[in-house]
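Written out below as structure tokens is the structure these notes cover.
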Amino acid sequence: MSNFQLQLLHASDMEGGGGDLLNAPNFISIVDHLEDQYANSLFVSSGDLVLPGPYLNAAGDSSLQAAFQAAVEEIYGLEAGSMSGITAASGRLETLLMDLVDAAAVTLGNHEFDLGTDLIAAMIAPVVNGATAAEVEWLGSQFPYLSANLDFSGDAALSELATSELSSQDAFQATLDELLAGAIPPKLAPAVIAERGGEQIGIIGVTTQILESISSPGGVDVLTGGSNDMQALADLIQPVIDDLQAQGINKIILSSHLQQIQFEEELATLLDGVDIVMAGGSNSLLADQEDQDRGLFPGAGEPYDTYPIVKQDASGNDVVVVNTDGGWRYVAELVVEFDEQGRVIADSIAENSSGVYATTDEQVEALWGDLESAFAEGTKGNVAEELVGAVGDFVAEQDGNILGLTDVYLVGERGAVRTEETNLGNLTADANLWYAKQQDAEVLVSFKNGGGIREPIGDVVVEGSDSEPSYQAPGANDVIGKPEGGVSQLDAASSLRFNNDLTIISVTRSTLLDVLEHAVAASAPGVTAGQFAQVGGIQYSFDVSQPAGERIQNAVIVNEDGSANDVLVANGRLVGNAEETIKVVTLGFLADGGDGYPLGEGSYQDRVDLMEAFADDGQFTFADKGTEQDAFAEYMASMFNETPFSEEETPASEDLRIQNLGERSDAVFDEPVDPLLRLYDAAFDRGADGTGLGYWTNQSDAIGVVAIANSFIDSQEFIQLHGELDQSGFVDLMYANVLEREADAPGKAYWIGLLEAGVEQGAVMIGISESNESLAMFS
């Protein structure tokens, strides 16, 4: 028996809620071409097919019914005009595109659940209201959604659509006639069996274990959930592999959506019997040299690794790990052979037949010969172009609604907003802070998760195939009235597509520190965790070489002019009363403990949800009051209507709000803060309070520490504590407070001698607090 050759076409993280959906027609046309190049071709997606945003929302508008009806009739081979009952709805466009490419399966990612489980049901479940074609609202998906570690039995929307059986792809499909006759095929399963060339291929799905903290799975239970534990996940998946093998299926694909490709790489080594692992959720671009020579998508960063990665499973057999960037930007092609035992032959994978294809016009033209052929009537590209174009035209109206101006490209790429401070992160966090202050002027800090920023705002321009990309402010569009640098409703809706509600909460100082620690807890090279924060009203430094929970080194709440308002952390230690409260604005999602943040009921005081509290409609009404998009729109109109935003993006080595000490030296304080901390001990025998320390850090550069020490001595607190002190009493106090002992005679005589010679008491205080003995005690 000869080897079996399979062409696996795959993608992940399409996430077409924003402008990335416009890449879909090119994507479909590339699949249309590639699938005809090999006898045995299989298309699988490893999750996040949908994402909240303007395109997902627009797809549910009734004005698009005609476009949806035409697509349904074309894709499923039905008589033109027969499906007049078809209803447009969010998520159904993406469902149609997957059926257009005959997807064998799609894995459930986290974003499928962002709007709750009703969205998933509306995408995949048929809706039949009578016995004629005109009474069918939706045919349902002809592919299954997969996940072996999700239990749907407790969810009202999905429980009836799920099966635990390992069935063939046909079991999840139903023709129009079968639906009219009452067929109710399942749409959710742990795995599916696809047949190509007489060979059976098992496809297992698996979803991130932290689903409950980053999305809204309703009554769906995440098995082995709560934290990323690859051994626990392997123990759950292995029986599914064994069941498939018991049925004689020895070619197995794991289509996983674990958020970080490092998890898939680890999981591959813990399983026995999986041949290919399709990663998902990390947007990790794998590309070999031929892929790069062929041309990556404009704005692409450095690939994570070559395509593919080869690992060894628990029995020492090769496992192929593949992934690519999302946003309908790439079609990945793996052409691989299996031996007679069904084991993957890694050496059969060649650069000239496996890799990634960027969904650019140039790549489509290179494959098809010209764009006209790629999108000619009757092609899959044409069907996708008509459907996506209808939604795109609807959304384009939003691009003419201008909120404000920017002179610079606003960085919102995943690899940036989840690892470092960015100018778009700063802008949106500042917008939330400004907005919250309209309700309560006492709000001091704004924080949000970087994972909530989904797209940059601006244009990526490549002049030629060999040119470096240029990142520019949004370009003008005279047709819709968009000026150069105009930031539009569409930009806001695409970048902030979750449109989270905003909430003011009062948290203790210790809780705010816990929040900052959580924001950097997952930071590590190559990791793009969504919990990484973007902030306003605060700056801090963190050290990734320290254990999670002990990484924040310095943190200062700042005024609008950047001066210190309140020192929260100095030298890794909380400053001030741990139970004192600070008002912050954050996303309702995070206030409820989303993305693993140490919040939720009982962790804060005096919660004010701005969707309920705001009374003023403001200038813009396209987004609900009290939401992120509304805050961004009103802030842009107020601050950057005439003078554009101009904060250039900086590398991590120059970031000031969020200072990664692996990239730069600590610059939270302009001057060393330790001498001031020691002065508080010397003068008042207590630790510094945050606002007081903030005030004196602003003063230290201008007047010096001696003048500050003298101010402490002249303060009401010092006088009330110690009364009027003679020179001897003053020196005794310094020894007691600073050195925690009685003064020795020679030492006391020395300091009294300086005082009698005219040296200021503040200078003596500094001399004792900065002595070697004091420094040894302070360290």
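Labeling convention for the structure tokens: chains A, B, ... as they appear, residues from 1 per chain, ligands from 1 in order of appearance.
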Where in segment 257-476 of chain A does DSSP assign helix (DSSP H, G or I), given as a VMD selection string?
chain A and resid 261 to 270 289 to 294 346 to 348 361 to 368 371 to 374 380 to 400 414 to 417 423 to 439 450 to 452
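Excluding Ala533 of chain A itself and same-chain residues fewer than 4 positions from it, the residues having an atom within 7 Å of it are Phe447, Lys448, Asn449, Gly450 and Ala519 of chain A, counting only C-alpha atoms.
Within the 8 Å cut-off around segment 251-254 of chain A, using only C-alpha atoms and omitting residues fewer than 3 positions from it on the same chain, the listed residues are Gln200, Ile201, Gly202, Ile203, Ile204, Gly205, Val206, Ile241, Gly273, Val274, Asp275, Ile276, Val277, Met278, Phe338, Gly342, Arg343 and Val344 of chain A.
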With 7 Å as the cut-off and only C-alpha atoms counted, what is the closest atom pair between each nearby residue of segment 49-108 of chain A and segment 489-500 of chain A? Distances in Å to one decimal, ordered by chain and number, as a tab-separated table.
residue	atom	partner	partner_atom	distance
A:Pro52	CA	A:Arg497	CA	5.6
A:Gly53	CA	A:Arg497	CA	4.2
A:Pro54	CA	A:Ala493	CA	5.8
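The neighbours of Glu770 of chain A here are the residues that come within 10 Å of it, using only C-alpha atoms and leaving out any residue fewer than 5 positions away in the same chain; they are A:Asp674, A:Pro675, A:Arg678, A:Leu679, A:Val738, A:Val764, A:Met765, A:Leu775, A:Ala776, A:Phe778.
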Selected residues, N, CA, C and O atoms, written as an mmCIF file, in the first residue's frame, please.
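result.cif, written as the output of this step:
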data_model
loop_
_atom_site.group_PDB
_atom_site.id
_atom_site.type_symbol
_atom_site.label_atom_id
_atom_site.label_comp_id
_atom_site.auth_asym_id
_atom_site.auth_seq_id
_atom_site.Cartn_x
_atom_site.Cartn_y
_atom_site.Cartn_z
ATOM 1 N N ASP A 674 14.192 56.663 47.553
ATOM 2 C CA ASP A 674 14.573 56.099 48.852
ATOM 3 C C ASP A 674 14.896 57.151 49.906
ATOM 4 O O ASP A 674 14.473 57.012 51.065
ATOM 5 N N PRO A 675 15.641 58.216 49.568
ATOM 6 C CA PRO A 675 15.922 59.217 50.614
ATOM 7 C C PRO A 675 14.649 59.835 51.197
ATOM 8 O O PRO A 675 14.589 60.125 52.398
ATOM 9 N N ARG A 678 13.102 57.442 53.656
ATOM 10 C CA ARG A 678 13.837 57.450 54.928
ATOM 11 C C ARG A 678 13.545 58.712 55.729
ATOM 12 O O ARG A 678 13.548 58.690 56.972
ATOM 13 N N LEU A 679 13.254 59.826 55.050
ATOM 14 C CA LEU A 679 12.912 61.050 55.769
ATOM 15 C C LEU A 679 11.598 60.902 56.534
ATOM 16 O O LEU A 679 11.440 61.438 57.638
ATOM 17 N N VAL A 738 15.597 56.625 63.292
ATOM 18 C CA VAL A 738 16.323 56.120 62.117
ATOM 19 C C VAL A 738 17.101 54.857 62.445
ATOM 20 O O VAL A 738 16.998 53.838 61.745
ATOM 21 N N VAL A 764 21.318 67.543 59.125
ATOM 22 C CA VAL A 764 21.670 66.505 60.086
ATOM 23 C C VAL A 764 20.734 65.302 59.919
ATOM 24 O O VAL A 764 21.162 64.136 59.973
ATOM 25 N N MET A 765 19.424 65.580 59.730
ATOM 26 C CA MET A 765 18.482 64.497 59.485
ATOM 27 C C MET A 765 18.926 63.667 58.263
ATOM 28 O O MET A 765 18.929 62.433 58.308
ATOM 29 N N LEU A 775 21.378 52.933 55.927
ATOM 30 C CA LEU A 775 21.184 52.267 54.636
ATOM 31 C C LEU A 775 21.170 50.754 54.791
ATOM 32 O O LEU A 775 20.410 50.057 54.112
ATOM 33 N N ALA A 776 21.978 50.249 55.694
ATOM 34 C CA ALA A 776 22.011 48.803 55.926
ATOM 35 C C ALA A 776 20.689 48.324 56.519
ATOM 36 O O ALA A 776 20.211 47.221 56.216
ATOM 37 N N PHE A 778 17.758 49.840 56.030
ATOM 38 C CA PHE A 778 16.678 50.146 55.099
ATOM 39 C C PHE A 778 16.596 49.120 53.961
ATOM 40 O O PHE A 778 15.534 48.893 53.411
#
Selection: 9 Å around Glu517 of chain A, only C-alpha atoms, excl. self and same-chain fewer than 3 positions, as a PDB file with C-alpha atoms, in the first residue's frame:
ATOM      1  CA  LEU A 512      -5.110  48.366  42.655  1.00  0.00           C
ATOM      2  CA  LEU A 513      -1.645  46.914  43.111  1.00  0.00           C
ATOM      3  CA  ASP A 514      -3.098  43.435  42.589  1.00  0.00           C
ATOM      4  CA  VAL A 520       1.891  41.884  33.833  1.00  0.00           C
ATOM      5  CA  ALA A 521       1.660  38.423  35.406  1.00  0.00           C
ATOM      6  CA  PHE A 542       7.660  45.968  36.102  1.00  0.00           C
ATOM      7  CA  ALA A 548       4.260  36.758  38.927  1.00  0.00           C
ATOM      8  CA  GLY A 549       2.645  38.787  41.706  1.00  0.00           C
ATOM      9  CA  GLU A 550       5.946  40.450  42.622  1.00  0.00           C
ATOM     10  CA  ARG A 551       6.770  42.272  39.405  1.00  0.00           C
ATOM     11  CA  ILE A 552       5.591  45.855  39.964  1.00  0.00           C
TER      12      ILE A 552
END
Residue neighbourhood Asp235 of chain A, 12 Å, only C-alpha atoms, exclusion window fewer than 6 positions, as a VMD selection string:
chain A and resid 148 to 149 223 to 224 229 241 to 242 267 270 to 272
Can you check which parts of segment 357-445 of chain A lie within 10 Å of segment 30-41 of chain A? Per residue, the shortest pair of atoms and distance in Å to one decimal, counting only C-alpha atoms, sorted by chain and number, as CSV.
residue,atom,partner,partner_atom,distance
A:Tyr357,CA,A:Ile30,CA,7.8
A:Ala358,CA,A:Ile30,CA,9.1
A:Thr359,CA,A:Ile30,CA,7.4
A:Thr360,CA,A:Ile30,CA,9.7
A:Gln363,CA,A:Ile30,CA,8.2
A:Val364,CA,A:Ile30,CA,6.2
A:Glu365,CA,A:Ile30,CA,9.6
A:Leu367,CA,A:His33,CA,7.2
A:Trp368,CA,A:His33,CA,7.3
A:Ala374,CA,A:His33,CA,8.3
A:Thr379,CA,A:Asp32,CA,7.7
A:Lys380,CA,A:Asp32,CA,6.3
A:Gly381,CA,A:Asp32,CA,7.3
Pull all heavy atoms from the residues just selected and write them as an mmCIF file, in the first residue's frame.
data_model
loop_
_atom_site.group_PDB
_atom_site.id
_atom_site.type_symbol
_atom_site.label_atom_id
_atom_site.label_comp_id
_atom_site.auth_asym_id
_atom_site.auth_seq_id
_atom_site.Cartn_x
_atom_site.Cartn_y
_atom_site.Cartn_z
ATOM 1 N N TYR A 357 -0.306 31.627 2.019
ATOM 2 C CA TYR A 357 -0.591 32.517 0.905
ATOM 3 C C TYR A 357 -1.303 33.747 1.446
ATOM 4 O O TYR A 357 -2.415 33.642 1.994
ATOM 5 C CB TYR A 357 -1.473 31.825 -0.128
ATOM 6 C CG TYR A 357 -0.793 30.697 -0.867
ATOM 7 C CD1 TYR A 357 -0.717 29.435 -0.297
ATOM 8 C CD2 TYR A 357 -0.220 30.902 -2.118
ATOM 9 C CE1 TYR A 357 -0.089 28.382 -0.965
ATOM 10 C CE2 TYR A 357 0.406 29.858 -2.801
ATOM 11 C CZ TYR A 357 0.465 28.607 -2.216
ATOM 12 O OH TYR A 357 1.094 27.575 -2.874
ATOM 13 N N ALA A 358 -0.671 34.912 1.310
ATOM 14 C CA ALA A 358 -1.303 36.151 1.750
ATOM 15 C C ALA A 358 -2.483 36.476 0.844
ATOM 16 O O ALA A 358 -2.425 36.282 -0.375
ATOM 17 C CB ALA A 358 -0.293 37.294 1.712
ATOM 18 N N THR A 359 -3.551 36.965 1.442
ATOM 19 C CA THR A 359 -4.775 37.214 0.681
ATOM 20 C C THR A 359 -4.757 38.610 0.041
ATOM 21 O O THR A 359 -5.666 39.419 0.224
ATOM 22 C CB THR A 359 -6.015 37.049 1.571
ATOM 23 O OG1 THR A 359 -5.913 37.944 2.685
ATOM 24 C CG2 THR A 359 -6.136 35.622 2.062
ATOM 25 N N THR A 360 -3.716 38.872 -0.733
ATOM 26 C CA THR A 360 -3.576 40.133 -1.449
ATOM 27 C C THR A 360 -4.027 39.964 -2.897
ATOM 28 O O THR A 360 -4.068 38.846 -3.429
ATOM 29 C CB THR A 360 -2.121 40.598 -1.433
ATOM 30 O OG1 THR A 360 -1.298 39.581 -2.052
ATOM 31 C CG2 THR A 360 -1.629 40.825 0.000
ATOM 32 N N GLN A 363 -1.396 38.178 -4.902
ATOM 33 C CA GLN A 363 -1.312 36.726 -4.761
ATOM 34 C C GLN A 363 -2.456 36.034 -5.505
ATOM 35 O O GLN A 363 -2.258 34.991 -6.133
ATOM 36 C CB GLN A 363 -1.347 36.333 -3.288
ATOM 37 C CG GLN A 363 -1.095 34.859 -3.035
ATOM 38 C CD GLN A 363 0.235 34.399 -3.588
ATOM 39 O OE1 GLN A 363 1.294 34.802 -3.122
ATOM 40 N NE2 GLN A 363 0.205 33.573 -4.621
ATOM 41 N N VAL A 364 -3.643 36.609 -5.433
ATOM 42 C CA VAL A 364 -4.767 36.037 -6.177
ATOM 43 C C VAL A 364 -4.459 36.052 -7.667
ATOM 44 O O VAL A 364 -4.682 35.058 -8.377
ATOM 45 C CB VAL A 364 -6.063 36.824 -5.877
ATOM 46 C CG1 VAL A 364 -7.192 36.350 -6.788
ATOM 47 C CG2 VAL A 364 -6.454 36.674 -4.419
ATOM 48 N N GLU A 365 -3.922 37.165 -8.144
ATOM 49 C CA GLU A 365 -3.599 37.285 -9.566
ATOM 50 C C GLU A 365 -2.511 36.299 -9.965
ATOM 51 O O GLU A 365 -2.555 35.704 -11.055
ATOM 52 C CB GLU A 365 -3.166 38.720 -9.868
ATOM 53 C CG GLU A 365 -3.071 39.036 -11.346
ATOM 54 C CD GLU A 365 -2.900 40.519 -11.608
ATOM 55 O OE1 GLU A 365 -2.690 41.281 -10.641
ATOM 56 O OE2 GLU A 365 -2.984 40.922 -12.771
ATOM 57 N N LEU A 367 -1.964 33.364 -8.724
ATOM 58 C CA LEU A 367 -2.511 32.009 -8.781
ATOM 59 C C LEU A 367 -3.473 31.821 -9.956
ATOM 60 O O LEU A 367 -3.461 30.791 -10.636
ATOM 61 C CB LEU A 367 -3.232 31.679 -7.472
ATOM 62 C CG LEU A 367 -2.350 31.533 -6.225
ATOM 63 C CD1 LEU A 367 -3.209 31.355 -4.980
ATOM 64 C CD2 LEU A 367 -1.397 30.352 -6.369
ATOM 65 N N TRP A 368 -4.309 32.819 -10.191
ATOM 66 C CA TRP A 368 -5.367 32.687 -11.190
ATOM 67 C C TRP A 368 -4.968 33.212 -12.572
ATOM 68 O O TRP A 368 -5.638 32.919 -13.571
ATOM 69 C CB TRP A 368 -6.616 33.437 -10.726
ATOM 70 C CG TRP A 368 -7.416 32.691 -9.693
ATOM 71 C CD1 TRP A 368 -7.220 32.697 -8.343
ATOM 72 C CD2 TRP A 368 -8.540 31.849 -9.928
ATOM 73 N NE1 TRP A 368 -8.147 31.900 -7.714
ATOM 74 C CE2 TRP A 368 -8.982 31.366 -8.659
ATOM 75 C CE3 TRP A 368 -9.231 31.436 -11.073
ATOM 76 C CZ2 TRP A 368 -10.076 30.515 -8.516
ATOM 77 C CZ3 TRP A 368 -10.324 30.584 -10.928
ATOM 78 C CH2 TRP A 368 -10.733 30.121 -9.673
ATOM 79 N N ALA A 374 -10.456 35.063 -11.302
ATOM 80 C CA ALA A 374 -10.653 34.659 -9.909
ATOM 81 C C ALA A 374 -12.062 34.957 -9.428
ATOM 82 O O ALA A 374 -12.600 34.229 -8.586
ATOM 83 C CB ALA A 374 -9.629 35.362 -9.020
ATOM 84 N N THR A 379 -17.593 31.352 -9.872
ATOM 85 C CA THR A 379 -16.487 31.015 -8.969
ATOM 86 C C THR A 379 -16.906 31.259 -7.527
ATOM 87 O O THR A 379 -17.819 32.048 -7.245
ATOM 88 C CB THR A 379 -15.230 31.869 -9.261
ATOM 89 O OG1 THR A 379 -15.559 33.255 -9.030
ATOM 90 C CG2 THR A 379 -14.765 31.678 -10.703
ATOM 91 N N LYS A 380 -16.226 30.591 -6.622
ATOM 92 C CA LYS A 380 -16.494 30.813 -5.199
ATOM 93 C C LYS A 380 -16.099 32.234 -4.798
ATOM 94 O O LYS A 380 -16.754 32.852 -3.953
ATOM 95 C CB LYS A 380 -15.740 29.788 -4.361
ATOM 96 C CG LYS A 380 -16.247 28.368 -4.550
ATOM 97 C CD LYS A 380 -15.503 27.371 -3.678
ATOM 98 C CE LYS A 380 -16.067 25.951 -3.868
ATOM 99 N NZ LYS A 380 -15.393 24.956 -3.008
ATOM 100 N N GLY A 381 -15.042 32.744 -5.428
ATOM 101 C CA GLY A 381 -14.628 34.112 -5.136
ATOM 102 C C GLY A 381 -15.706 35.109 -5.477
ATOM 103 O O GLY A 381 -15.902 36.104 -4.763
#
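Of the residues under consideration (A:Gln7, A:Thr428, A:Ser84, A:Asn571), A:Gln7 shows the shortest atom-to-atom contact distance to Ile349 of chain A when counting only C-alpha atoms.
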Which residues in segment 244-422 of chain A does DSSP call strand (DSSP E or B)? List them as JSON, numbers by chain.
{"A": [252, 253, 254, 255, 256, 257, 276, 277, 278, 286, 305, 309, 310, 311, 312, 318, 319, 320, 321, 322, 330, 331, 332, 333, 334, 335, 336, 337, 338, 344, 345, 355, 356, 357, 358, 402, 403, 404, 405, 406, 410]}
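Between atom CA of Asp114 of chain A and atom CA of Ser215 of chain A the separation is 5.1 Å.
For the choices A:Val569, A:Ala555, A:Met777, A:Val356, the atom-to-atom distance to Val668 of chain A is smallest for A:Ala555 when using only C-alpha atoms.
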Given only C-alpha atoms as the counted atoms, nearest of A:Glu654, A:Asp361, A:Glu442, A:Asp592 to Glu212 of chain A
A:Asp592
Of the residues A:Ala709, A:Val106, A:Val445, A:Val240, which is the one nearest to Leu568 of chain A, using only C-alpha atoms?
A:Val445
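Considering the residues A:Phe589, A:Ile453, A:Leu139, A:Thr107 and counting only C-alpha atoms, Thr175 of chain A has its shortest atom-to-atom contact with A:Leu139.
The residue that comes closest to Gly392 of chain A, out of A:Phe640, A:Tyr409, A:Phe684, A:Tyr55 and on the basis of only C-alpha atoms, is A:Tyr55.
A straight line drawn from atom CA of Ile719 of chain A to atom CA of Tyr680 of chain A is 14.1 Å long.
For the pair atom CA of Asp501 of chain A and atom CA of Asp609 of chain A, the separation is 7.5 Å.
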